[in-house]
Amino acid sequence: EAAALQGLRQGRLRIAAVTTTEYFLPDLLGPFARAYPGIRIELAVENRDAVVARLQRGDDELAAMMRPPTHLPLARWPFLENPLVLIAPLGHPLAARRRLRLQDLVGEPLLARETGSGTRAVLEEALAERGIAWPPRMALGSNEAVKHAVRAGLGLALLSRHTLAADPASEGLVVLPVAGFPLRRQWVLVWRQDRALSLPARTLLDDLRQRLGVRVRPT
Ligand code: PGA
């Protein structure tokens with residue numbers, strides 16, 4: 001018991017997170033961080049492939065991602081819905097339409113995240129499943145860069161709804177009402193089953209499980 005308490009008085013907790021989770025994960029860590037000020041939290045934010053590489057090396061104890069790799073022995077806990085939406089700049093003619101089909105969009109330039117991004121992989125999968133050829137006109141290395149490029153009128157994009165403000169119009173963006181969208185995905189917290197979790201990692205998981213018993217949805 002005393003040893004357990006000591007284990008939470010000081011220490012380090014390394015977490016990896018894909019870029020789309022940086023919009024809410026720090027908030028989720030808040031109560032744990034306040035309760036255990038002696039635990040130094042290191043949150044690495046990278047794209048999906050980089051997070052997979054970190055998991056493979058064992059850099060972190062926990063990782064938050066949408067598409068966990070199948071080649072590693074991972075425990076997984078789906079903890080949040082991740083709807084992915086198609087966006088356009090505010091005032092775009094397509095945004096005036098009440099209903100759209102994905103096919104209606106392909107005349108517009110497509111802006112995508114970089115190769116290695118889970119968001120990009122979902123986009124490519126969705127297009128392939130529907131037999132639609134819509135090659136990206138540009139690749140951009142962050143969600144914010146994609147949002148700025150869309151707002152600047154360079155094209156349309158698929159992003160996690162969580163990367164957008166509660167009111168996307170406040171950022172000069174609009175979510176397009178495309179049939180079959182949002183794509184419904186989930187984020188999962190994963191950890192390696194072949195390694196023992198530290199006390200701080202187990203404590204954080206317990207804390208999140210209690211508070212997220214009801215899944216959080218974006219507004
Ligand atoms: P990413 O994040 O596009 O930054 O890789 C999305 C994900 O993989 O969940």
# chains A, B, ... in the order shown; residues from 1 in each chain; ligands from 1

$ residues_near_ligand --ligand "ligand 1" --cutoff "7 Å" --atoms "only C-alpha atoms and all ligand atoms" --output "list in words"
Val18, Thr19, Thr20, Glu46, Asn47, Arg48, Asp49, Met65, Met66, Arg67, Arg113, Gly116, Ser117, Gly118, Thr119, Arg120 and Trp187 of chain A

$ residues_around --residues "stretch 129-139 of chain A" --least-positions-apart "5" --cutoff "7 Å" --atoms "only C-alpha atoms" --output "PyMOL selection string"
chain A and resi 106+109-114

$ select_by_dssp --residues "chain A" --states "strand (DSSP E or B)" --output "PyMOL selection string"
chain A and resi 11-18+39-46+62-65+74-89+100+110-113+138-140+156-160+173-175+178+183-192

$ residues_around --residues "A:Leu176" --least-positions-apart "2" --cutoff "6 Å" --atoms "only C-alpha atoms" --output "number ranges by chain"
A: 86-87, 95, 178

$ closest_residue --among "A:Gln193, A:Gln6, A:Glu22, A:Pro200" --to "A:Ser142" --atoms "only C-alpha atoms"
A:Glu22

$ atom_distance --atom1 "atom CA of A:Ala165" --atom2 "atom CA of A:Pro182"
15.8 Å

$ atom_distance --atom1 "atom CA of A:Trp77" --atom2 "atom CA of A:Ala63"
10.4 Å

$ select_by_dssp --residues "chain A" --states "helix (DSSP H, G or I)" --output "JSON, numbers by chain"
{"A": [2, 3, 4, 5, 6, 7, 8, 9, 19, 20, 21, 22, 23, 25, 26, 27, 28, 29, 30, 31, 32, 33, 34, 35, 48, 49, 50, 51, 52, 53, 54, 55, 56, 57, 93, 94, 95, 96, 102, 103, 104, 105, 118, 119, 120, 121, 122, 123, 124, 125, 126, 127, 128, 129, 143, 144, 145, 146, 147, 148, 149, 150, 151, 161, 162, 163, 168, 169, 170, 171, 199, 200, 201, 202, 203, 204, 205, 206, 207, 208, 209, 210, 211]}

$ atom_distance --atom1 "atom CA of A:His71" --atom2 "atom CA of A:Glu125"
19.7 Å

$ residues_around --residues "A:Arg202" --least-positions-apart "2" --cutoff "12 Å" --atoms "only C-alpha atoms" --output "JSON list (two decimals) with N, CA, C and O atoms, in the first residue's frame"
[["chain", "number", "residue", "atom", "x", "y", "z"],
["A", 4, "ALA", "N", 2.72, 1.39, -3.09],
["A", 4, "ALA", "CA", 1.83, 1.80, -4.18],
["A", 4, "ALA", "C", 1.68, 3.31, -4.19],
["A", 4, "ALA", "O", 1.78, 3.96, -5.25],
["A", 7, "GLY", "N", 4.61, 4.95, -5.53],
["A", 7, "GLY", "CA", 4.67, 4.82, -6.98],
["A", 7, "GLY", "C", 3.89, 5.89, -7.71],
["A", 7, "GLY", "O", 4.09, 6.12, -8.89],
["A", 8, "LEU", "N", 2.98, 6.54, -7.01],
["A", 8, "LEU", "CA", 2.20, 7.60, -7.64],
["A", 8, "LEU", "C", 2.70, 8.99, -7.23],
["A", 8, "LEU", "O", 2.24, 10.00, -7.72],
["A", 13, "LEU", "N", 5.15, 9.06, -16.98],
["A", 13, "LEU", "CA", 4.16, 8.34, -17.77],
["A", 13, "LEU", "C", 4.26, 8.84, -19.21],
["A", 13, "LEU", "O", 4.02, 10.02, -19.48],
["A", 32, "PHE", "N", -6.27, 13.54, -13.80],
["A", 32, "PHE", "CA", -5.15, 12.70, -13.37],
["A", 32, "PHE", "C", -3.92, 13.56, -13.09],
["A", 32, "PHE", "O", -3.24, 13.40, -12.07],
["A", 61, "GLU", "N", 3.91, 3.83, -22.83],
["A", 61, "GLU", "CA", 3.08, 2.79, -22.20],
["A", 61, "GLU", "C", 1.69, 2.73, -22.81],
["A", 61, "GLU", "O", 1.10, 1.66, -22.93],
["A", 62, "LEU", "N", 1.17, 3.90, -23.15],
["A", 62, "LEU", "CA", -0.19, 3.96, -23.71],
["A", 62, "LEU", "C", -0.14, 4.71, -25.02],
["A", 62, "LEU", "O", 0.69, 5.60, -25.22],
["A", 191, "TRP", "N", -2.24, -0.62, -25.31],
["A", 191, "TRP", "CA", -1.00, -0.83, -24.58],
["A", 191, "TRP", "C", -0.51, -2.23, -24.86],
["A", 191, "TRP", "O", -1.31, -3.11, -25.25],
["A", 196, "ALA", "N", 4.34, -5.21, -18.55],
["A", 196, "ALA", "CA", 3.51, -4.84, -17.40],
["A", 196, "ALA", "C", 3.28, -3.33, -17.41],
["A", 196, "ALA", "O", 4.21, -2.56, -17.68],
["A", 197, "LEU", "N", 2.05, -2.93, -17.14],
["A", 197, "LEU", "CA", 1.76, -1.50, -17.06],
["A", 197, "LEU", "C", 2.23, -0.97, -15.72],
["A", 197, "LEU", "O", 2.05, -1.62, -14.69],
["A", 198, "SER", "N", 2.80, 0.22, -15.71],
["A", 198, "SER", "CA", 3.23, 0.85, -14.46],
["A", 198, "SER", "C", 2.01, 1.27, -13.65],
["A", 198, "SER", "O", 0.89, 1.37, -14.18],
["A", 199, "LEU", "N", 2.22, 1.56, -12.39],
["A", 199, "LEU", "CA", 1.12, 2.03, -11.55],
["A", 199, "LEU", "C", 0.51, 3.34, -12.08],
["A", 199, "LEU", "O", -0.71, 3.45, -12.16],
["A", 200, "PRO", "N", 1.32, 4.31, -12.48],
["A", 200, "PRO", "CA", 0.70, 5.52, -13.06],
["A", 200, "PRO", "C", -0.17, 5.21, -14.28],
["A", 200, "PRO", "O", -1.27, 5.76, -14.42],
["A", 204, "LEU", "N", -4.17, 5.94, -14.47],
["A", 204, "LEU", "CA", -4.77, 6.80, -15.50],
["A", 204, "LEU", "C", -5.88, 6.05, -16.23],
["A", 204, "LEU", "O", -6.97, 6.60, -16.46],
["A", 205, "LEU", "N", -5.65, 4.79, -16.58],
["A", 205, "LEU", "CA", -6.68, 4.01, -17.27],
["A", 205, "LEU", "C", -7.95, 3.90, -16.42],
["A", 205, "LEU", "O", -9.06, 4.08, -16.92],
["A", 206, "ASP", "N", -7.77, 3.62, -15.12],
["A", 206, "ASP", "CA", -8.93, 3.52, -14.23],
["A", 206, "ASP", "C", -9.69, 4.84, -14.18],
["A", 206, "ASP", "O", -10.92, 4.87, -14.23],
["A", 207, "ASP", "N", -8.93, 5.94, -14.09],
["A", 207, "ASP", "CA", -9.54, 7.27, -14.03],
["A", 207, "ASP", "C", -10.35, 7.54, -15.30],
["A", 207, "ASP", "O", -11.50, 7.98, -15.24],
["A", 208, "LEU", "N", -9.78, 7.23, -16.46],
["A", 208, "LEU", "CA", -10.48, 7.48, -17.72],
["A", 208, "LEU", "C", -11.71, 6.59, -17.85],
["A", 208, "LEU", "O", -12.76, 7.02, -18.31],
["A", 209, "ARG", "N", -11.56, 5.33, -17.43],
["A", 209, "ARG", "CA", -12.70, 4.40, -17.54],
["A", 209, "ARG", "C", -13.87, 4.90, -16.71],
["A", 209, "ARG", "O", -15.01, 4.82, -17.13]]

$ residues_around --residues "A:Glu42" --least-positions-apart "5" --cutoff "10 Å" --atoms "only C-alpha atoms" --output "NGL selection string"
:A and (12-16 or 60)

$ closest_residue --among "A:Asn143, A:Asp27, A:Val85, A:Arg99" --to "A:Arg184" --atoms "only C-alpha atoms"
A:Val85

$ closest_residue --among "A:Gly141, A:Pro83, A:Pro168, A:Gly153" --to "A:Phe181" --atoms "only C-alpha atoms"
A:Pro83
